[in-house]
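Written below as structure tokens is the structure these notes are about.
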Amino acid sequence: MIMHTLKSFLATVVFLALAFSGSSQDKDSLTISTIFGNALSDNTAFHNLEYLCKKIGGRLCGSPQSMQAVKWSETVLKNMGADTVYKQELKVRHWERGEKEIATVRSKTKGSHDLHVCAIGGSIGTGEKGITANVVEVKDFEELAKLGIKEIEGKIVFFDHPADPTYYYTFNAYGGVAKFRVFGAVQAARFGALAVIVRSATLSHDDYPHTGVMHYADTVKQIPAVAVSTNDADNLDQWLKSDPGLSLYLRTTCKELPEVTSYNVIGEIRGTEKPDEIIAFGGHLDSWDIGEGAHDDGIGVVQTMEVLRLFKALGIKPKHTIRVVVFMDEEMAQRGAARYAESAKPPEAGKTKHIAAIETDRGGFTPTGFSIDASPEQVKKIREWKSLLIPYGLYSLEKGGSGVDIRDLKPLGIPLIALVTDSQRYFDYQHAANDTFDKVNEREMQLGSASIAALVWLIDKYGL
Ligand SMILES: [Zn+2]
């Protein structure tokens, strides 16, 4: 007990000594430790995520849930004490999944099996009766082209390209296979395919199919596209080896409805010295419909809202205006990103200019640093803060890509930054039904919130 009292007395002495006589580096590290301390001991952000995931749930752009989420965002930002909360209007696509998708393998030797599938976002449906056809398995677009119209016409093409597990950073593995989901239908339709079934873009072996966006081309016939779980992709591969004549029945009822009005939501604390200079940070509010959009990207939304709460709670008055941007429609067509970029340039921007934009959309896992898309001088400046950030695991401050919601700001010369997290588990959940609140660790998520708040605070103090 005495020891404890002595310890806390000494801690107070050290705190006061640093606060009143320490170097600016010491004072900075003290402020940053206060930011992390508050974030790790407050559960507002976690409760916000719980509400977004459990009370609102999956919220694809154009859906009633996405509109509920817009209203919720406005309320949360107002309650946090933002000086200004407003919306930016935009039009979004409105695609609906329809009834539960059916995919049944029928084989004379292997029997009948239902596969775990989901329609890929933006796909047309098969029609009420569904489609029955033989299946041609291909590894990639090269193999598809080699087989050509003779082998492909009238069949369902099965793209079975596993994500490469040898990459350390899993986004690279995803980057290597997402193209089959996005462009598989167009490529297969060129050779007369009736539909495509695509192995899910994930490294995990389970029964969850992963959706995501796909694109059609104006000049190519539209055909339905579904994603299949990795376990069932392995099964289908085996069944085809022993019975190449098996057939697949597919039924999906998804459809595209007329576009609807939606919004980005913005909340600000006005700068005390340079209110026209903005530090923006955000995540995207929309999510795929089959999960709760927890890691992708409810996390990003609540983490960036949390930055405002932290500034308020700690009585930090920023010199520049700090702005949370809750982006709409990252998943389908990035209209929110385009709308925001429009507002950041003349004439809409008026006298305001951005000094930095930060995005968080890589899941609520332990942060490892920031990826910086900026000039060498700006990268160098951020790297000078390394000793302040390393105690919180932020060891990687490298030049690299930022994120889908802020990349449209690049032509304006704005430094772009992304929060980087440990990527090992992200694609276990991304775009799947298991991207749910219970998969989120509160501490890991809050380390991310505090990381962004600390970076915003440093940029506000020293500029970029
Ligand atoms: Zn996302």
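Labeling convention for the structure tokens: chains A, B, ... as they appear, residues from 1 per chain, ligands from 1 in order of appearance.
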With 7 Å as the cut-off and only C-alpha atoms and all ligand atoms counted, what is the closest atom pair between each nearby residue of chain A and ligand 1? Distances in Å to one decimal, ordered by chain and number, as a Markdown table.
| residue | atom | partner | partner_atom_place_in_ligand_line | distance |
| --- | --- | --- | --- | --- |
| A:His284 | CA | ligand 1 | 1 (Zn) | 6.5 |
| A:Asp296 | CA | ligand 1 | 1 (Zn) | 4.5 |
| A:Asp297 | CA | ligand 1 | 1 (Zn) | 4.9 |
| A:Glu330 | CA | ligand 1 | 1 (Zn) | 6.6 |
| A:Glu331 | CA | ligand 1 | 1 (Zn) | 6.6 |
| A:Asp361 | CA | ligand 1 | 1 (Zn) | 5.0 |
| A:Arg362 | CA | ligand 1 | 1 (Zn) | 6.9 |
Tell me, counting only C-alpha atoms, for each residue of stretch 288-376 of chain A within 8 Å of stretch 424-428 of chain A, which pair of atoms is nearest and how far apart they are in Å to one decimal, in rows ordered by chain and increasing number, as CSV.
residue,atom,partner,partner_atom,distance
A:His295,CA,A:Tyr426,CA,7.5
A:Arg362,CA,A:Tyr426,CA,7.1
A:Gly363,CA,A:Tyr426,CA,6.0
A:Phe365,CA,A:Tyr426,CA,7.8
Residues of the last selection are to be written out with all heavy atoms, as a PDB file, in the first residue's frame.
ATOM      1  N   HIS A 295     -15.895  -4.914 -38.972  1.00  0.00           N
ATOM      2  CA  HIS A 295     -14.529  -4.545 -39.375  1.00  0.00           C
ATOM      3  C   HIS A 295     -14.525  -3.706 -40.648  1.00  0.00           C
ATOM      4  O   HIS A 295     -13.663  -2.860 -40.838  1.00  0.00           O
ATOM      5  CB  HIS A 295     -13.684  -5.810 -39.576  1.00  0.00           C
ATOM      6  CG  HIS A 295     -13.252  -6.421 -38.269  1.00  0.00           C
ATOM      7  ND1 HIS A 295     -12.336  -5.822 -37.442  1.00  0.00           N
ATOM      8  CD2 HIS A 295     -13.634  -7.570 -37.637  1.00  0.00           C
ATOM      9  CE1 HIS A 295     -12.141  -6.573 -36.361  1.00  0.00           C
ATOM     10  NE2 HIS A 295     -12.930  -7.634 -36.454  1.00  0.00           N
ATOM     11  N   ARG A 362      -9.097  -0.712 -42.713  1.00  0.00           N
ATOM     12  CA  ARG A 362      -8.371  -1.987 -42.815  1.00  0.00           C
ATOM     13  C   ARG A 362      -8.660  -2.875 -41.608  1.00  0.00           C
ATOM     14  O   ARG A 362      -7.830  -3.695 -41.205  1.00  0.00           O
ATOM     15  CB  ARG A 362      -6.864  -1.719 -42.955  1.00  0.00           C
ATOM     16  CG  ARG A 362      -6.553  -0.829 -44.171  1.00  0.00           C
ATOM     17  CD  ARG A 362      -5.081  -0.758 -44.473  1.00  0.00           C
ATOM     18  NE  ARG A 362      -4.809   0.269 -45.471  1.00  0.00           N
ATOM     19  CZ  ARG A 362      -3.653   0.452 -46.074  1.00  0.00           C
ATOM     20  NH1 ARG A 362      -2.642  -0.342 -45.778  1.00  0.00           N
ATOM     21  NH2 ARG A 362      -3.479   1.416 -46.961  1.00  0.00           N
ATOM     22  N   GLY A 363      -9.857  -2.682 -41.014  1.00  0.00           N
ATOM     23  CA  GLY A 363     -10.272  -3.543 -39.905  1.00  0.00           C
ATOM     24  C   GLY A 363      -9.789  -3.029 -38.570  1.00  0.00           C
ATOM     25  O   GLY A 363      -8.826  -2.271 -38.474  1.00  0.00           O
ATOM     26  N   PHE A 365      -8.062  -4.117 -36.152  1.00  0.00           N
ATOM     27  CA  PHE A 365      -7.004  -4.944 -35.559  1.00  0.00           C
ATOM     28  C   PHE A 365      -5.866  -4.057 -35.063  1.00  0.00           C
ATOM     29  O   PHE A 365      -5.835  -2.866 -35.348  1.00  0.00           O
ATOM     30  CB  PHE A 365      -6.512  -5.958 -36.595  1.00  0.00           C
ATOM     31  CG  PHE A 365      -7.642  -6.770 -37.169  1.00  0.00           C
ATOM     32  CD1 PHE A 365      -8.179  -6.463 -38.401  1.00  0.00           C
ATOM     33  CD2 PHE A 365      -8.224  -7.789 -36.418  1.00  0.00           C
ATOM     34  CE1 PHE A 365      -9.249  -7.179 -38.906  1.00  0.00           C
ATOM     35  CE2 PHE A 365      -9.294  -8.511 -36.916  1.00  0.00           C
ATOM     36  CZ  PHE A 365      -9.817  -8.202 -38.167  1.00  0.00           C
TER      37      PHE A 365
END
With only C-alpha atoms counted and 12 Å as the cut-off, give the residues of stretch 351-417 of chain A in contact with stretch 34-51 of chain A, each with its shortest interatomic distance in Å and the pair that gives it, as JSON lines.
{"residue": "A:Gly364", "atom": "CA", "partner": "A:Leu49", "partner_atom": "CA", "distance": 10.9}
{"residue": "A:Leu388", "atom": "CA", "partner": "A:Phe36", "partner_atom": "CA", "distance": 11.9}
{"residue": "A:Leu389", "atom": "CA", "partner": "A:Phe36", "partner_atom": "CA", "distance": 10.7}
{"residue": "A:Pro391", "atom": "CA", "partner": "A:Phe36", "partner_atom": "CA", "distance": 10.5}
{"residue": "A:Tyr392", "atom": "CA", "partner": "A:Phe36", "partner_atom": "CA", "distance": 8.4}
{"residue": "A:Gly393", "atom": "CA", "partner": "A:Phe36", "partner_atom": "CA", "distance": 11.8}
Same residues, all heavy atoms, output as a compact mmCIF listing (two decimals), in the first residue's frame:
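Resulting contents of again_16.txt:
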# COMPACT_ATOMS: atom_id res chain seq x y z
N GLY A 364 -10.48 -3.49 -37.53
CA GLY A 364 -10.18 -3.00 -36.18
C GLY A 364 -9.14 -3.85 -35.47
O GLY A 364 -9.33 -4.24 -34.32
N LEU A 388 7.69 9.09 -30.84
CA LEU A 388 6.46 9.35 -30.07
C LEU A 388 5.41 8.27 -30.32
O LEU A 388 4.53 8.04 -29.49
CB LEU A 388 5.87 10.71 -30.48
CG LEU A 388 6.69 11.95 -30.13
CD1 LEU A 388 6.19 13.16 -30.90
CD2 LEU A 388 6.62 12.21 -28.62
N LEU A 389 5.49 7.62 -31.48
CA LEU A 389 4.44 6.67 -31.89
C LEU A 389 4.82 5.22 -31.59
O LEU A 389 3.94 4.38 -31.36
CB LEU A 389 4.14 6.86 -33.38
CG LEU A 389 3.64 8.28 -33.75
CD1 LEU A 389 3.55 8.44 -35.27
CD2 LEU A 389 2.28 8.57 -33.11
N PRO A 391 5.99 3.69 -28.99
CA PRO A 391 5.50 3.05 -27.74
C PRO A 391 4.09 2.46 -27.89
O PRO A 391 3.67 1.68 -27.04
CB PRO A 391 5.49 4.21 -26.74
CG PRO A 391 6.48 5.19 -27.26
CD PRO A 391 6.42 5.08 -28.75
N TYR A 392 3.37 2.84 -28.95
CA TYR A 392 2.01 2.32 -29.16
C TYR A 392 1.95 1.36 -30.34
O TYR A 392 0.88 1.13 -30.92
CB TYR A 392 1.04 3.51 -29.33
CG TYR A 392 1.19 4.45 -28.15
CD1 TYR A 392 2.00 5.58 -28.23
CD2 TYR A 392 0.62 4.13 -26.92
CE1 TYR A 392 2.21 6.39 -27.12
CE2 TYR A 392 0.82 4.93 -25.81
CZ TYR A 392 1.62 6.05 -25.91
OH TYR A 392 1.83 6.82 -24.81
N GLY A 393 3.11 0.82 -30.69
CA GLY A 393 3.15 -0.20 -31.75
C GLY A 393 3.15 0.37 -33.16
O GLY A 393 3.07 -0.37 -34.13
Item to complete: May I ask for the distance between atom CA of A:Tyr216 and atom CA of A:Gly121, given in Å to one decimal place?
Response: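 Between atom CA of A:Tyr216 and atom CA of A:Gly121 the gap works out to 11.1 Å.
The residue that comes closest to A:Tyr429, out of A:Val301, A:Ile56, A:Ala201, A:Val404 and on the basis of only C-alpha atoms, is A:Ala201.
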What separates atom CA of A:Val117 and atom CA of A:Tyr208 is a distance of 7.8 Å
Contacts of stretch 211-330 of chain A with stretch 109-113 of chain A up to 10 Å, shortest pair per row, only C-alpha atoms, as a tab-separated table:
residue	atom	partner	partner_atom	distance
A:Asp232	CA	A:His113	CA	9.7
A:Asn235	CA	A:His113	CA	9.7
A:Leu236	CA	A:His113	CA	9.5
A:Trp239	CA	A:Lys110	CA	6.9
A:Leu240	CA	A:Lys110	CA	9.6
A:Ser242	CA	A:Thr109	CA	8.2
A:Asp243	CA	A:Thr109	CA	7.0
A:Gly245	CA	A:Thr109	CA	9.9
A:Leu246	CA	A:Lys110	CA	8.6
A:Ser247	CA	A:Ser112	CA	9.7
A:Leu248	CA	A:His113	CA	9.5
Taking only stretch 86-187 of chain A into account, list the residues labelled strand (DSSP E or B) by DSSP (computed from the backbone), as number ranges by chain. A: 86-96, 102-107, 111-114, 117-119, 121, 131-138, 156-159
Would you write out those residues with N, CA, C and O atoms, as a short mmCIF file (atom, residue, chain, number, x, y, z; two decimals), in the first residue's frame?
data_model
loop_
_atom_site.label_atom_id
_atom_site.label_comp_id
_atom_site.auth_asym_id
_atom_site.auth_seq_id
_atom_site.Cartn_x
_atom_site.Cartn_y
_atom_site.Cartn_z
N TYR A 86 -23.10 18.40 -40.67
CA TYR A 86 -23.90 18.60 -41.88
C TYR A 86 -23.74 17.41 -42.82
O TYR A 86 -22.89 16.55 -42.61
N LYS A 87 -24.60 17.40 -43.86
CA LYS A 87 -24.60 16.28 -44.80
C LYS A 87 -24.24 16.77 -46.20
O LYS A 87 -24.51 17.92 -46.54
N GLN A 88 -23.65 15.90 -46.98
CA GLN A 88 -23.42 16.17 -48.40
C GLN A 88 -24.28 15.20 -49.19
O GLN A 88 -24.13 13.99 -49.07
N GLU A 89 -25.15 15.77 -50.02
CA GLU A 89 -26.09 14.92 -50.76
C GLU A 89 -25.41 14.28 -51.98
O GLU A 89 -24.58 14.89 -52.63
N LEU A 90 -25.79 13.07 -52.27
CA LEU A 90 -25.31 12.38 -53.46
C LEU A 90 -26.32 11.32 -53.89
O LEU A 90 -27.23 10.99 -53.14
N LYS A 91 -26.15 10.82 -55.09
CA LYS A 91 -27.01 9.72 -55.58
C LYS A 91 -26.23 8.41 -55.48
O LYS A 91 -25.04 8.37 -55.77
N VAL A 92 -26.93 7.36 -55.05
CA VAL A 92 -26.26 6.05 -54.98
C VAL A 92 -27.08 4.98 -55.71
O VAL A 92 -28.29 5.11 -55.87
N ARG A 93 -26.38 3.93 -56.10
CA ARG A 93 -27.07 2.76 -56.67
C ARG A 93 -27.87 2.09 -55.57
O ARG A 93 -27.57 2.22 -54.38
N HIS A 94 -28.87 1.35 -55.99
CA HIS A 94 -29.69 0.62 -55.01
C HIS A 94 -29.89 -0.80 -55.53
O HIS A 94 -30.81 -1.09 -56.30
N TRP A 95 -28.99 -1.66 -55.12
CA TRP A 95 -29.02 -3.07 -55.54
C TRP A 95 -29.54 -3.91 -54.38
O TRP A 95 -29.14 -3.67 -53.22
N GLU A 96 -30.42 -4.83 -54.69
CA GLU A 96 -30.94 -5.70 -53.61
C GLU A 96 -30.65 -7.17 -53.91
O GLU A 96 -30.79 -7.63 -55.05
N ILE A 102 -29.49 -20.01 -54.10
CA ILE A 102 -29.39 -21.48 -54.11
C ILE A 102 -28.36 -21.92 -55.15
O ILE A 102 -28.37 -21.42 -56.28
N ALA A 103 -27.49 -22.83 -54.75
CA ALA A 103 -26.55 -23.45 -55.69
C ALA A 103 -26.48 -24.93 -55.33
O ALA A 103 -26.02 -25.28 -54.25
N THR A 104 -26.96 -25.78 -56.22
CA THR A 104 -26.98 -27.22 -55.94
C THR A 104 -26.22 -27.99 -57.02
O THR A 104 -26.50 -27.84 -58.21
N VAL A 105 -25.26 -28.77 -56.55
CA VAL A 105 -24.50 -29.64 -57.45
C VAL A 105 -25.30 -30.94 -57.61
O VAL A 105 -25.78 -31.49 -56.61
N ARG A 106 -25.45 -31.39 -58.85
CA ARG A 106 -26.10 -32.69 -59.07
C ARG A 106 -25.15 -33.58 -59.86
O ARG A 106 -24.78 -33.26 -60.98
N SER A 107 -24.75 -34.67 -59.21
CA SER A 107 -23.78 -35.57 -59.84
C SER A 107 -24.30 -37.00 -59.75
O SER A 107 -24.81 -37.42 -58.70
N GLY A 111 -23.81 -37.54 -55.98
CA GLY A 111 -25.08 -37.15 -55.36
C GLY A 111 -25.35 -35.67 -55.49
O GLY A 111 -24.74 -34.97 -56.30
N SER A 112 -26.25 -35.17 -54.62
CA SER A 112 -26.68 -33.78 -54.69
C SER A 112 -26.15 -33.02 -53.47
O SER A 112 -26.26 -33.51 -52.34
N HIS A 113 -25.58 -31.85 -53.70
CA HIS A 113 -25.00 -31.05 -52.60
C HIS A 113 -25.33 -29.58 -52.76
O HIS A 113 -25.14 -29.02 -53.84
N ASP A 114 -25.79 -28.96 -51.67
CA ASP A 114 -25.98 -27.51 -51.68
C ASP A 114 -24.67 -26.83 -51.33
O ASP A 114 -23.98 -27.23 -50.38
N VAL A 117 -23.18 -20.20 -51.10
CA VAL A 117 -22.92 -19.14 -52.07
C VAL A 117 -23.66 -17.85 -51.69
O VAL A 117 -24.60 -17.87 -50.89
N CYS A 118 -23.23 -16.75 -52.27
CA CYS A 118 -24.00 -15.51 -52.20
C CYS A 118 -23.79 -14.76 -53.50
O CYS A 118 -22.74 -14.90 -54.15
N ALA A 119 -24.79 -14.01 -53.88
CA ALA A 119 -24.67 -13.23 -55.12
C ALA A 119 -23.59 -12.17 -54.93
O ALA A 119 -23.41 -11.64 -53.83
N GLY A 121 -22.10 -8.47 -55.50
CA GLY A 121 -22.78 -7.17 -55.51
C GLY A 121 -22.88 -6.54 -56.89
O GLY A 121 -21.86 -6.35 -57.55
N ILE A 131 -30.84 -21.39 -63.28
CA ILE A 131 -30.05 -21.85 -64.42
C ILE A 131 -29.46 -23.20 -64.05
O ILE A 131 -28.91 -23.37 -62.97
N THR A 132 -29.55 -24.16 -64.97
CA THR A 132 -28.86 -25.44 -64.77
C THR A 132 -27.90 -25.65 -65.93
O THR A 132 -28.31 -25.51 -67.10
N ALA A 133 -26.66 -25.97 -65.62
CA ALA A 133 -25.67 -26.18 -66.69
C ALA A 133 -24.48 -26.95 -66.16
O ALA A 133 -24.30 -27.08 -64.95
N ASN A 134 -23.67 -27.45 -67.09
CA ASN A 134 -22.39 -28.07 -66.72
C ASN A 134 -21.42 -26.97 -66.29
O ASN A 134 -21.63 -25.81 -66.60
N VAL A 135 -20.38 -27.42 -65.59
CA VAL A 135 -19.43 -26.46 -65.02
C VAL A 135 -18.04 -26.65 -65.65
O VAL A 135 -17.57 -27.78 -65.79
N VAL A 136 -17.42 -25.52 -66.01
CA VAL A 136 -16.03 -25.56 -66.47
C VAL A 136 -15.19 -24.82 -65.45
O VAL A 136 -15.43 -23.65 -65.16
N GLU A 137 -14.21 -25.54 -64.89
CA GLU A 137 -13.34 -24.89 -63.89
C GLU A 137 -12.12 -24.28 -64.56
O GLU A 137 -11.48 -24.92 -65.38
N VAL A 138 -11.83 -23.03 -64.19
CA VAL A 138 -10.61 -22.39 -64.69
C VAL A 138 -9.89 -21.73 -63.53
O VAL A 138 -10.50 -21.35 -62.53
N ILE A 156 -21.51 -22.97 -66.99
CA ILE A 156 -21.21 -22.09 -65.86
C ILE A 156 -19.71 -22.16 -65.62
O ILE A 156 -19.14 -23.25 -65.49
N VAL A 157 -19.05 -21.00 -65.60
CA VAL A 157 -17.60 -20.97 -65.38
C VAL A 157 -17.31 -20.85 -63.88
O VAL A 157 -17.88 -20.01 -63.19
N PHE A 158 -16.45 -21.73 -63.42
CA PHE A 158 -16.03 -21.75 -62.01
C PHE A 158 -14.60 -21.23 -61.92
O PHE A 158 -13.66 -21.91 -62.35
N PHE A 159 -14.44 -20.00 -61.39
CA PHE A 159 -13.10 -19.44 -61.18
C PHE A 159 -12.60 -19.94 -59.82
O PHE A 159 -13.15 -19.57 -58.79
#
If you count only C-alpha atoms, which residues fall within 7 Å of A:Thr126, apart from same-chain ones fewer than 4 positions away, as a list in words?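 Counting only the stated atoms, we get Gly130, Ile131, Pro224, Arg251, Thr252 and Thr253 of chain A.
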Do a neighbour search on A:Gly192 at 7 Å with only C-alpha atoms, toss out local chain neighbours closer than 6 positions, and write the hits as a PDB file with C-alpha atoms, in the first residue's frame.
ATOM      1  CA  ILE A 149     -16.000 -20.406 -76.919  1.00  0.00           C
ATOM      2  CA  ILE A 152     -17.260 -22.352 -72.447  1.00  0.00           C
ATOM      3  CA  GLU A 153     -20.471 -21.606 -74.355  1.00  0.00           C
ATOM      4  CA  GLY A 154     -23.627 -22.665 -72.531  1.00  0.00           C
TER       5      GLY A 154
END
- Taking only C-alpha atoms into account, which of A:His116, A:Val85, A:Lys461, A:Asp373 comes nearest A:Glu273?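 Residue with the minimum atom-to-atom distance to A:Glu273: A:Lys461.
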One residue among A:Thr321, A:Ala294, A:Gly448, A:Val440 is nearest to A:Ile279 when using only C-alpha atoms, and that residue is A:Thr321
Worksheet item: Can you list, as number ranges by chain, every protein, DNA or RNA residue that comes within 10 Å of A:Glu398 when you count only C-alpha atoms, leaving out same-chain residues fewer than 4 positions away?
Response: A: 369-373, 379-380, 382-383, 417
Output file for the residues above (C-alpha atoms, as a PDB file, in the first residue's frame):
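Writing done, so here's part_36.pdb:
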ATOM      1  CA  GLY A 369       1.566   2.351 -38.320  1.00  0.00           C
ATOM      2  CA  PHE A 370       0.551   4.606 -41.158  1.00  0.00           C
ATOM      3  CA  SER A 371       0.876   4.325 -44.914  1.00  0.00           C
ATOM      4  CA  ILE A 372       1.641   7.766 -46.326  1.00  0.00           C
ATOM      5  CA  ASP A 373       0.876   8.938 -49.848  1.00  0.00           C
ATOM      6  CA  VAL A 379       6.819  11.514 -45.256  1.00  0.00           C
ATOM      7  CA  LYS A 380      10.068  12.597 -43.580  1.00  0.00           C
ATOM      8  CA  ILE A 382       5.826  12.173 -40.106  1.00  0.00           C
ATOM      9  CA  ARG A 383       8.783   9.843 -39.634  1.00  0.00           C
ATOM     10  CA  ILE A 417      -2.592   8.771 -44.905  1.00  0.00           C
TER      11      ILE A 417
END
